[in-house]
file coords_20.pdb (PDB, N, CA and C atoms)
ATOM      1  N   MET A   1     128.600  84.646 141.871
ATOM      2  CA  MET A   1     127.864  84.953 140.666
ATOM      3  C   MET A   1     128.359  86.275 140.080
ATOM      4  N   THR A   2     128.684  86.266 138.827
ATOM      5  CA  THR A   2     129.130  87.496 138.190
ATOM      6  C   THR A   2     127.990  88.077 137.366
ATOM      7  N   ASP A   3     128.011  89.376 137.295
ATOM      8  CA  ASP A   3     126.980  90.076 136.525
ATOM      9  C   ASP A   3     127.524  90.291 135.116
ATOM     10  N   GLU A   4     127.371  89.273 134.285
ATOM     11  CA  GLU A   4     127.888  89.364 132.922
ATOM     12  C   GLU A   4     126.958  90.208 132.066
ATOM     13  N   LYS A   5     127.575  91.017 131.233
ATOM     14  CA  LYS A   5     126.769  91.801 130.295
ATOM     15  C   LYS A   5     126.499  90.944 129.071
ATOM     16  N   ARG A   6     125.262  90.846 128.752
ATOM     17  CA  ARG A   6     124.896  90.087 127.566
ATOM     18  C   ARG A   6     125.075  90.973 126.345
ATOM     19  N   PRO A   7     125.524  90.376 125.251
ATOM     20  CA  PRO A   7     125.624  91.193 124.039
ATOM     21  C   PRO A   7     124.232  91.658 123.630
ATOM     22  N   LYS A   8     124.145  92.924 123.288
ATOM     23  CA  LYS A   8     122.854  93.483 122.900
ATOM     24  C   LYS A   8     122.444  92.919 121.549
ATOM     25  N   LYS A   9     121.216  92.424 121.501
ATOM     26  CA  LYS A   9     120.689  91.901 120.245
ATOM     27  C   LYS A   9     120.452  93.060 119.294
ATOM     28  N   PRO A  10     120.834  92.896 118.045
ATOM     29  CA  PRO A  10     120.554  93.986 117.098
ATOM     30  C   PRO A  10     119.044  94.179 116.969
ATOM     31  N   SER A  11     118.643  95.425 116.946
ATOM     32  CA  SER A  11     117.216  95.742 116.845
ATOM     33  C   SER A  11     116.719  95.415 115.447
ATOM     34  N   ARG A  12     115.524  94.880 115.378
ATOM     35  CA  ARG A  12     114.899  94.633 114.086
ATOM     36  C   ARG A  12     114.051  95.824 113.677
ATOM     37  N   GLN A  13     113.995  96.826 114.537
ATOM     38  CA  GLN A  13     113.205  98.023 114.244
ATOM     39  C   GLN A  13     113.810  98.763 113.046
ATOM     40  N   GLN A  14     112.947  99.296 112.230
ATOM     41  CA  GLN A  14     113.354 100.174 111.139
ATOM     42  C   GLN A  14     112.457 101.402 111.200
ATOM     43  N   VAL A  15     112.847 102.447 110.499
ATOM     44  CA  VAL A  15     112.037 103.657 110.459
ATOM     45  C   VAL A  15     111.383 103.761 109.084
ATOM     46  N   TYR A  16     110.093 104.026 109.116
ATOM     47  CA  TYR A  16     109.303 104.143 107.892
ATOM     48  C   TYR A  16     108.815 105.583 107.750
ATOM     49  N   THR A  17     108.788 106.062 106.524
ATOM     50  CA  THR A  17     108.248 107.380 106.225
ATOM     51  C   THR A  17     106.780 107.197 105.852
ATOM     52  N   LEU A  18     105.919 107.910 106.569
ATOM     53  CA  LEU A  18     104.477 107.801 106.357
ATOM     54  C   LEU A  18     103.876 109.176 106.124
ATOM     55  N   LEU A  19     102.939 109.255 105.209
ATOM     56  CA  LEU A  19     102.167 110.472 104.996
ATOM     57  C   LEU A  19     100.757 110.169 105.488
ATOM     58  N   VAL A  20     100.322 110.888 106.519
ATOM     59  CA  VAL A  20      99.018 110.641 107.128
ATOM     60  C   VAL A  20      98.108 111.830 106.855
ATOM     61  N   GLU A  21      96.947 111.551 106.269
ATOM     62  CA  GLU A  21      95.946 112.595 106.081
ATOM     63  C   GLU A  21      94.996 112.539 107.267
ATOM     64  N   ILE A  22      94.741 113.694 107.857
ATOM     65  CA  ILE A  22      93.813 113.751 108.983
ATOM     66  C   ILE A  22      92.658 114.683 108.647
ATOM     67  N   GLY A  23      91.508 114.361 109.200
ATOM     68  CA  GLY A  23      90.327 115.204 109.057
ATOM     69  C   GLY A  23      90.198 116.098 110.280
ATOM     70  N   ARG A  24      89.102 116.798 110.370
ATOM     71  CA  ARG A  24      88.880 117.695 111.501
ATOM     72  C   ARG A  24      88.262 116.954 112.673
ATOM     73  N   LYS A  25      88.644 117.372 113.844
ATOM     74  CA  LYS A  25      88.096 116.849 115.086
ATOM     75  C   LYS A  25      88.257 117.949 116.126
ATOM     76  N   GLU A  26      87.274 118.113 116.978
ATOM     77  CA  GLU A  26      87.348 119.146 118.006
ATOM     78  C   GLU A  26      88.621 118.968 118.834
ATOM     79  N   GLY A  27      89.352 120.067 119.010
ATOM     80  CA  GLY A  27      90.568 120.034 119.806
ATOM     81  C   GLY A  27      91.790 119.521 119.065
ATOM     82  N   ASP A  28      91.714 119.452 117.716
ATOM     83  CA  ASP A  28      92.829 118.887 116.957
ATOM     84  C   ASP A  28      94.009 119.839 116.765
ATOM     85  N   GLY A  29      93.835 121.113 117.092
ATOM     86  CA  GLY A  29      94.938 122.069 116.995
ATOM     87  C   GLY A  29      95.213 122.596 115.602
ATOM     88  N   LEU A  30      94.385 122.231 114.638
ATOM     89  CA  LEU A  30      94.573 122.748 113.277
ATOM     90  C   LEU A  30      94.053 124.177 113.192
ATOM     91  N   PRO A  31      94.540 124.953 112.203
ATOM     92  CA  PRO A  31      94.030 126.318 112.027
ATOM     93  C   PRO A  31      92.517 126.313 111.825
ATOM     94  N   ASP A  32      91.861 127.391 112.257
ATOM     95  CA  ASP A  32      90.400 127.477 112.254
ATOM     96  C   ASP A  32      89.730 127.090 110.936
ATOM     97  N   LYS A  33      90.214 127.594 109.824
ATOM     98  CA  LYS A  33      89.531 127.352 108.553
ATOM     99  C   LYS A  33      90.065 126.136 107.802
ATOM    100  N   ALA A  34      90.989 125.402 108.411
ATOM    101  CA  ALA A  34      91.530 124.208 107.755
ATOM    102  C   ALA A  34      90.466 123.117 107.696
ATOM    103  N   THR A  35      90.498 122.332 106.600
ATOM    104  CA  THR A  35      89.559 121.220 106.444
ATOM    105  C   THR A  35      90.215 119.894 106.848
ATOM    106  N   GLY A  36      91.494 119.933 107.114
ATOM    107  CA  GLY A  36      92.269 118.752 107.485
ATOM    108  C   GLY A  36      93.736 119.078 107.310
ATOM    109  N   ALA A  37      94.569 118.049 107.282
ATOM    110  CA  ALA A  37      96.004 118.277 107.118
ATOM    111  C   ALA A  37      96.698 117.007 106.660
ATOM    112  N   ALA A  38      97.897 117.203 106.154
ATOM    113  CA  ALA A  38      98.794 116.088 105.827
ATOM    114  C   ALA A  38      99.948 116.151 106.814
ATOM    115  N   LEU A  39     100.278 115.016 107.408
ATOM    116  CA  LEU A  39     101.382 114.929 108.357
ATOM    117  C   LEU A  39     102.445 113.995 107.802
ATOM    118  N   MET A  40     103.667 114.503 107.662
ATOM    119  CA  MET A  40     104.787 113.651 107.280
ATOM    120  C   MET A  40     105.375 113.112 108.573
ATOM    121  N   CYS A  41     105.363 111.790 108.728
ATOM    122  CA  CYS A  41     105.805 111.161 109.969
ATOM    123  C   CYS A  41     106.927 110.170 109.704
ATOM    124  N   PHE A  42     107.794 110.030 110.693
ATOM    125  CA  PHE A  42     108.796 108.978 110.703
ATOM    126  C   PHE A  42     108.456 108.099 111.883
ATOM    127  N   ALA A  43     108.210 106.819 111.620
ATOM    128  CA  ALA A  43     107.751 105.909 112.669
ATOM    129  C   ALA A  43     108.576 104.634 112.667
ATOM    130  N   SER A  44     108.958 104.197 113.864
ATOM    131  CA  SER A  44     109.719 102.954 113.962
ATOM    132  C   SER A  44     108.765 101.775 114.066
ATOM    133  N   GLY A  45     109.243 100.636 113.585
ATOM    134  CA  GLY A  45     108.450  99.414 113.666
ATOM    135  C   GLY A  45     109.229  98.243 113.115
ATOM    136  N   ILE A  46     108.785  97.045 113.474
ATOM    137  CA  ILE A  46     109.382  95.824 112.935
ATOM    138  C   ILE A  46     109.089  95.742 111.437
ATOM    139  N   ASP A  47     107.900  96.205 111.051
ATOM    140  CA  ASP A  47     107.512  96.262 109.644
ATOM    141  C   ASP A  47     106.638  97.498 109.445
ATOM    142  N   GLU A  48     106.303  97.776 108.200
ATOM    143  CA  GLU A  48     105.532  98.983 107.917
ATOM    144  C   GLU A  48     104.144  98.931 108.543
ATOM    145  N   ALA A  49     103.539  97.752 108.590
ATOM    146  CA  ALA A  49     102.202  97.628 109.185
ATOM    147  C   ALA A  49     102.228  98.037 110.656
ATOM    148  N   GLU A  50     103.259  97.614 111.382
ATOM    149  CA  GLU A  50     103.365  98.002 112.793
ATOM    150  C   GLU A  50     103.578  99.508 112.920
ATOM    151  N   ALA A  51     104.413 100.077 112.066
ATOM    152  CA  ALA A  51     104.656 101.519 112.097
ATOM    153  C   ALA A  51     103.365 102.289 111.850
ATOM    154  N   VAL A  52     102.553 101.819 110.911
ATOM    155  CA  VAL A  52     101.269 102.463 110.612
ATOM    156  C   VAL A  52     100.332 102.364 111.814
ATOM    157  N   ARG A  53     100.220 101.160 112.399
ATOM    158  CA  ARG A  53      99.321 100.977 113.554
ATOM    159  C   ARG A  53      99.719 101.896 114.705
ATOM    160  N   GLU A  54     101.017 101.959 115.003
ATOM    161  CA  GLU A  54     101.498 102.801 116.102
ATOM    162  C   GLU A  54     101.227 104.279 115.814
ATOM    163  N   THR A  55     101.474 104.690 114.587
ATOM    164  CA  THR A  55     101.263 106.092 114.210
ATOM    165  C   THR A  55      99.792 106.474 114.347
ATOM    166  N   VAL A  56      98.900 105.648 113.827
ATOM    167  CA  VAL A  56      97.464 105.932 113.908
ATOM    168  C   VAL A  56      97.021 105.983 115.368
ATOM    169  N   ALA A  57      97.493 105.045 116.184
ATOM    170  CA  ALA A  57      97.108 105.025 117.604
ATOM    171  C   ALA A  57      97.565 106.291 118.313
ATOM    172  N   ILE A  58      98.789 106.723 118.053
ATOM    173  CA  ILE A  58      99.315 107.926 118.706
ATOM    174  C   ILE A  58      98.566 109.171 118.229
ATOM    175  N   LEU A  59      98.270 109.243 116.941
ATOM    176  CA  LEU A  59      97.544 110.409 116.428
ATOM    177  C   LEU A  59      96.124 110.469 116.990
ATOM    178  N   LYS A  60      95.494 109.319 117.185
ATOM    179  CA  LYS A  60      94.155 109.309 117.804
ATOM    180  C   LYS A  60      94.239 109.779 119.249
ATOM    181  N   GLN A  61      95.289 109.363 119.966
ATOM    182  CA  GLN A  61      95.480 109.818 121.348
ATOM    183  C   GLN A  61      95.697 111.323 121.408
ATOM    184  N   ALA A  62      96.243 111.888 120.323
ATOM    185  CA  ALA A  62      96.520 113.323 120.260
ATOM    186  C   ALA A  62      95.312 114.108 119.742
ATOM    187  N   ASP A  63      94.127 113.501 119.798
ATOM    188  CA  ASP A  63      92.879 114.139 119.378
ATOM    189  C   ASP A  63      92.869 114.566 117.912
ATOM    190  N   THR A  64      93.455 113.738 117.049
ATOM    191  CA  THR A  64      93.320 113.985 115.616
ATOM    192  C   THR A  64      92.503 112.842 115.029
ATOM    193  N   ALA A  65      92.066 113.013 113.793
ATOM    194  CA  ALA A  65      91.229 112.024 113.120
ATOM    195  C   ALA A  65      91.943 111.504 111.867
ATOM    196  N   PRO A  66      92.834 110.503 112.022
ATOM    197  CA  PRO A  66      93.529 109.953 110.850
ATOM    198  C   PRO A  66      92.540 109.338 109.865
ATOM    199  N   LEU A  67      92.690 109.683 108.586
ATOM    200  CA  LEU A  67      91.792 109.184 107.549
ATOM    201  C   LEU A  67      92.486 108.204 106.613
ATOM    202  N   ASP A  68      93.750 108.493 106.275
ATOM    203  CA  ASP A  68      94.458 107.683 105.282
ATOM    204  C   ASP A  68      95.949 107.737 105.569
ATOM    205  N   VAL A  69      96.646 106.627 105.330
ATOM    206  CA  VAL A  69      98.089 106.569 105.522
ATOM    207  C   VAL A  69      98.724 106.019 104.252
ATOM    208  N   THR A  70      99.730 106.730 103.756
ATOM    209  CA  THR A  70     100.500 106.262 102.608
ATOM    210  C   THR A  70     101.924 106.007 103.088
ATOM    211  N   GLY A  71     102.430 104.809 102.838
ATOM    212  CA  GLY A  71     103.785 104.466 103.245
ATOM    213  C   GLY A  71     104.775 104.691 102.114
ATOM    214  N   TYR A  72     105.936 105.267 102.469
ATOM    215  CA  TYR A  72     106.987 105.505 101.480
ATOM    216  C   TYR A  72     108.214 104.647 101.732
ATOM    217  N   GLY A  73     108.130 103.715 102.694
ATOM    218  CA  GLY A  73     109.213 102.781 102.920
ATOM    219  C   GLY A  73     110.268 103.262 103.897
ATOM    220  N   THR A  74     111.332 102.473 103.979
ATOM    221  CA  THR A  74     112.453 102.764 104.872
ATOM    222  C   THR A  74     113.417 103.733 104.187
ATOM    223  N   LEU A  75     114.397 104.176 104.935
ATOM    224  CA  LEU A  75     115.431 105.050 104.371
ATOM    225  C   LEU A  75     116.087 104.379 103.172
ATOM    226  N   ALA A  76     116.478 103.117 103.319
ATOM    227  CA  ALA A  76     117.145 102.394 102.226
ATOM    228  C   ALA A  76     116.229 102.277 101.004
ATOM    229  N   GLU A  77     114.955 101.990 101.239
ATOM    230  CA  GLU A  77     114.008 101.876 100.126
ATOM    231  C   GLU A  77     113.826 103.209  99.420
ATOM    232  N   ARG A  78     113.752 104.277 100.202
ATOM    233  CA  ARG A  78     113.593 105.604  99.593
ATOM    234  C   ARG A  78     114.835 106.003  98.798
ATOM    235  N   GLU A  79     116.021 105.689  99.355
ATOM    236  CA  GLU A  79     117.260 105.993  98.625
ATOM    237  C   GLU A  79     117.328 105.208  97.316
ATOM    238  N   ALA A  80     116.901 103.939  97.357
ATOM    239  CA  ALA A  80     116.909 103.106  96.150
ATOM    240  C   ALA A  80     115.986 103.668  95.070
ATOM    241  N   GLU A  81     114.931 104.370  95.503
ATOM    242  CA  GLU A  81     113.995 104.981  94.551
ATOM    243  C   GLU A  81     114.460 106.359  94.096
ATOM    244  N   GLY A  82     115.602 106.814  94.616
ATOM    245  CA  GLY A  82     116.154 108.089  94.186
ATOM    246  C   GLY A  82     115.661 109.299  94.955
ATOM    247  N   HIS A  83     114.993 109.087  96.096
ATOM    248  CA  HIS A  83     114.534 110.219  96.898
ATOM    249  C   HIS A  83     115.740 110.946  97.484
ATOM    250  N   GLU A  84     115.682 112.264  97.476
ATOM    251  CA  GLU A  84     116.721 113.056  98.129
ATOM    252  C   GLU A  84     116.310 113.247  99.580
ATOM    253  N   ILE A  85     117.186 112.871 100.495
ATOM    254  CA  ILE A  85     116.875 112.932 101.922
ATOM    255  C   ILE A  85     117.950 113.790 102.586
ATOM    256  N   ASP A  86     117.524 114.958 103.102
ATOM    257  CA  ASP A  86     118.498 115.883 103.677
ATOM    258  C   ASP A  86     118.909 115.467 105.095
ATOM    259  N   ALA A  87     119.915 116.164 105.605
ATOM    260  CA  ALA A  87     120.484 115.826 106.916
ATOM    261  C   ALA A  87     119.454 115.940 108.037
ATOM    262  N   GLU A  88     118.596 116.960 107.969
ATOM    263  CA  GLU A  88     117.582 117.145 109.015
ATOM    264  C   GLU A  88     116.615 115.959 109.054
ATOM    265  N   GLU A  89     116.197 115.519 107.865
ATOM    266  CA  GLU A  89     115.289 114.368 107.770
ATOM    267  C   GLU A  89     115.962 113.117 108.334
ATOM    268  N   ARG A  90     117.238 112.928 107.994
ATOM    269  CA  ARG A  90     117.991 111.768 108.501
ATOM    270  C   ARG A  90     118.095 111.809 110.029
ATOM    271  N   GLU A  91     118.299 113.005 110.586
ATOM    272  CA  GLU A  91     118.375 113.143 112.046
ATOM    273  C   GLU A  91     117.049 112.765 112.703
ATOM    274  N   LEU A  92     115.940 113.211 112.113
ATOM    275  CA  LEU A  92     114.621 112.876 112.660
ATOM    276  C   LEU A  92     114.349 111.379 112.554
ATOM    277  N   MET A  93     114.778 110.760 111.462
ATOM    278  CA  MET A  93     114.612 109.312 111.304
ATOM    279  C   MET A  93     115.417 108.570 112.375
ATOM    280  N   GLN A  94     116.638 109.026 112.609
ATOM    281  CA  GLN A  94     117.473 108.385 113.618
ATOM    282  C   GLN A  94     116.862 108.556 115.003
ATOM    283  N   ARG A  95     116.301 109.720 115.253
ATOM    284  CA  ARG A  95     115.645 109.965 116.544
ATOM    285  C   ARG A  95     114.454 109.022 116.735
ATOM    286  N   ALA A  96     113.653 108.834 115.681
ATOM    287  CA  ALA A  96     112.517 107.913 115.757
ATOM    288  C   ALA A  96     113.001 106.503 116.078
ATOM    289  N   LEU A  97     114.118 106.104 115.487
ATOM    290  CA  LEU A  97     114.674 104.777 115.743
ATOM    291  C   LEU A  97     115.210 104.680 117.169
ATOM    292  N   ASP A  98     116.000 105.680 117.578
ATOM    293  CA  ASP A  98     116.600 105.672 118.914
ATOM    294  C   ASP A  98     115.549 105.658 120.017
ATOM    295  N   GLU A  99     114.468 106.403 119.808
ATOM    296  CA  GLU A  99     113.425 106.545 120.824
ATOM    297  C   GLU A  99     112.272 105.559 120.632
ATOM    298  N   ASN A 100     112.361 104.742 119.562
ATOM    299  CA  ASN A 100     111.276 103.822 119.220
ATOM    300  C   ASN A 100     109.946 104.580 119.248
ATOM    301  N   SER A 101     109.887 105.641 118.442
ATOM    302  CA  SER A 101     108.756 106.549 118.520
ATOM    303  C   SER A 101     108.249 106.959 117.141
ATOM    304  N   VAL A 102     107.248 107.826 117.178
ATOM    305  CA  VAL A 102     106.695 108.438 115.975
ATOM    306  C   VAL A 102     107.039 109.917 116.032
ATOM    307  N   ILE A 103     107.664 110.418 114.994
ATOM    308  CA  ILE A 103     108.025 111.833 114.904
ATOM    309  C   ILE A 103     107.190 112.454 113.792
ATOM    310  N   VAL A 104     106.449 113.512 114.120
ATOM    311  CA  VAL A 104     105.739 114.273 113.085
ATOM    312  C   VAL A 104     106.722 115.336 112.603
ATOM    313  N   ALA A 105     107.209 115.147 111.380
ATOM    314  CA  ALA A 105     108.253 116.014 110.846
ATOM    315  C   ALA A 105     107.692 117.268 110.195
ATOM    316  N   GLN A 106     106.484 117.166 109.657
ATOM    317  CA  GLN A 106     105.902 118.308 108.948
ATOM    318  C   GLN A 106     104.393 118.193 108.963
ATOM    319  N   MET A 107     103.724 119.340 109.087
ATOM    320  CA  MET A 107     102.268 119.386 109.058
ATOM    321  C   MET A 107     101.856 120.434 108.037
ATOM    322  N   THR A 108     101.042 120.022 107.065
ATOM    323  CA  THR A 108     100.554 120.937 106.034
ATOM    324  C   THR A 108      99.034 120.953 106.106
ATOM    325  N   PRO A 109      98.438 122.071 106.607
ATOM    326  CA  PRO A 109      96.977 122.130 106.675
ATOM    327  C   PRO A 109      96.356 122.240 105.283
ATOM    328  N   PHE A 110      95.140 121.707 105.139
ATOM    329  CA  PHE A 110      94.377 121.819 103.905
ATOM    330  C   PHE A 110      93.306 122.880 104.094
ATOM    331  N   PHE A 111      93.119 123.715 103.075
ATOM    332  CA  PHE A 111      92.062 124.724 103.073
ATOM    333  C   PHE A 111      91.260 124.554 101.787
ATOM    334  N   ASP A 112      89.951 124.860 101.839
ATOM    335  CA  ASP A 112      89.130 124.758 100.616
ATOM    336  C   ASP A 112      89.554 125.770  99.599
TER     337      ASP A 112
END
call {"tool": "encode", "arguments": {"input": "coords_20.pdb", "output": "structure tokens"}}
result
Amino acid sequence: MTDEKRPKKPSRQQVYTLLVEIGRKEGDGLPDKATGAALMCFASGIDEAEAVRETVAILKQADTAPLDVTGYGTLAEREAEGHEIDAEERELMQRALDENSVIVAQMTPFFD
């Protein structure tokens, strides 16, 4: 019996850009006077719905309170809409794809 290597199936995973608004929750790590925050995330998934579900689940595990998610599409979709995507953002997107993970790229706290 030979140990043949099977050709690797191409992944159907894509990376989606998501903007997640979170509210306050004890232990959330936000600044004291913040009322919430916006998180720019890159999340892998077969489709955007899966990416959203995974992102919300991970953020809940991290003791945050996700309130709303806005999807901005895949890299190709964003490029087609004329979004400028810098090298750092592309690296984070690739990392999310390689690791099949959710990357929080930016956090902007909200204050009254």
call {"tool": "resolve_selection", "arguments": {"input": "coords_20.pdb", "expression": "the PyMOL selection byres ((chain A and resi 22-30) around 8)", "output": "ChimeraX atom specification"}}
result
/A:19-21,31-39,62-69,109
call {"tool": "residues_around", "arguments": {"input": "coords_20.pdb", "residues": "region 42-49 of chain A", "least_positions_apart": "2", "cutoff": "6 Å", "atoms": "only N, CA and C atoms", "output": "PyMOL selection string"}}
result
chain A and resi 12-18+40+51-54+93+96-97+100-105
call {"tool": "atom_distance", "arguments": {"input": "coords_20.pdb", "atom1": "CA of Glu77 (chain A)", "atom2": "atom N of Asp98 (chain A)"}}
result
18.0 Å
call {"tool": "atom_distance", "arguments": {"input": "coords_20.pdb", "atom1": "CA of Gln106 (chain A)", "atom2": "CA of Cys41 (chain A)"}}
result
7.2 Å
call {"tool": "atom_distance", "arguments": {"input": "coords_20.pdb", "atom1": "CA of Gly73 (chain A)", "atom2": "atom C of Phe111 (chain A)"}}
result
28.2 Å
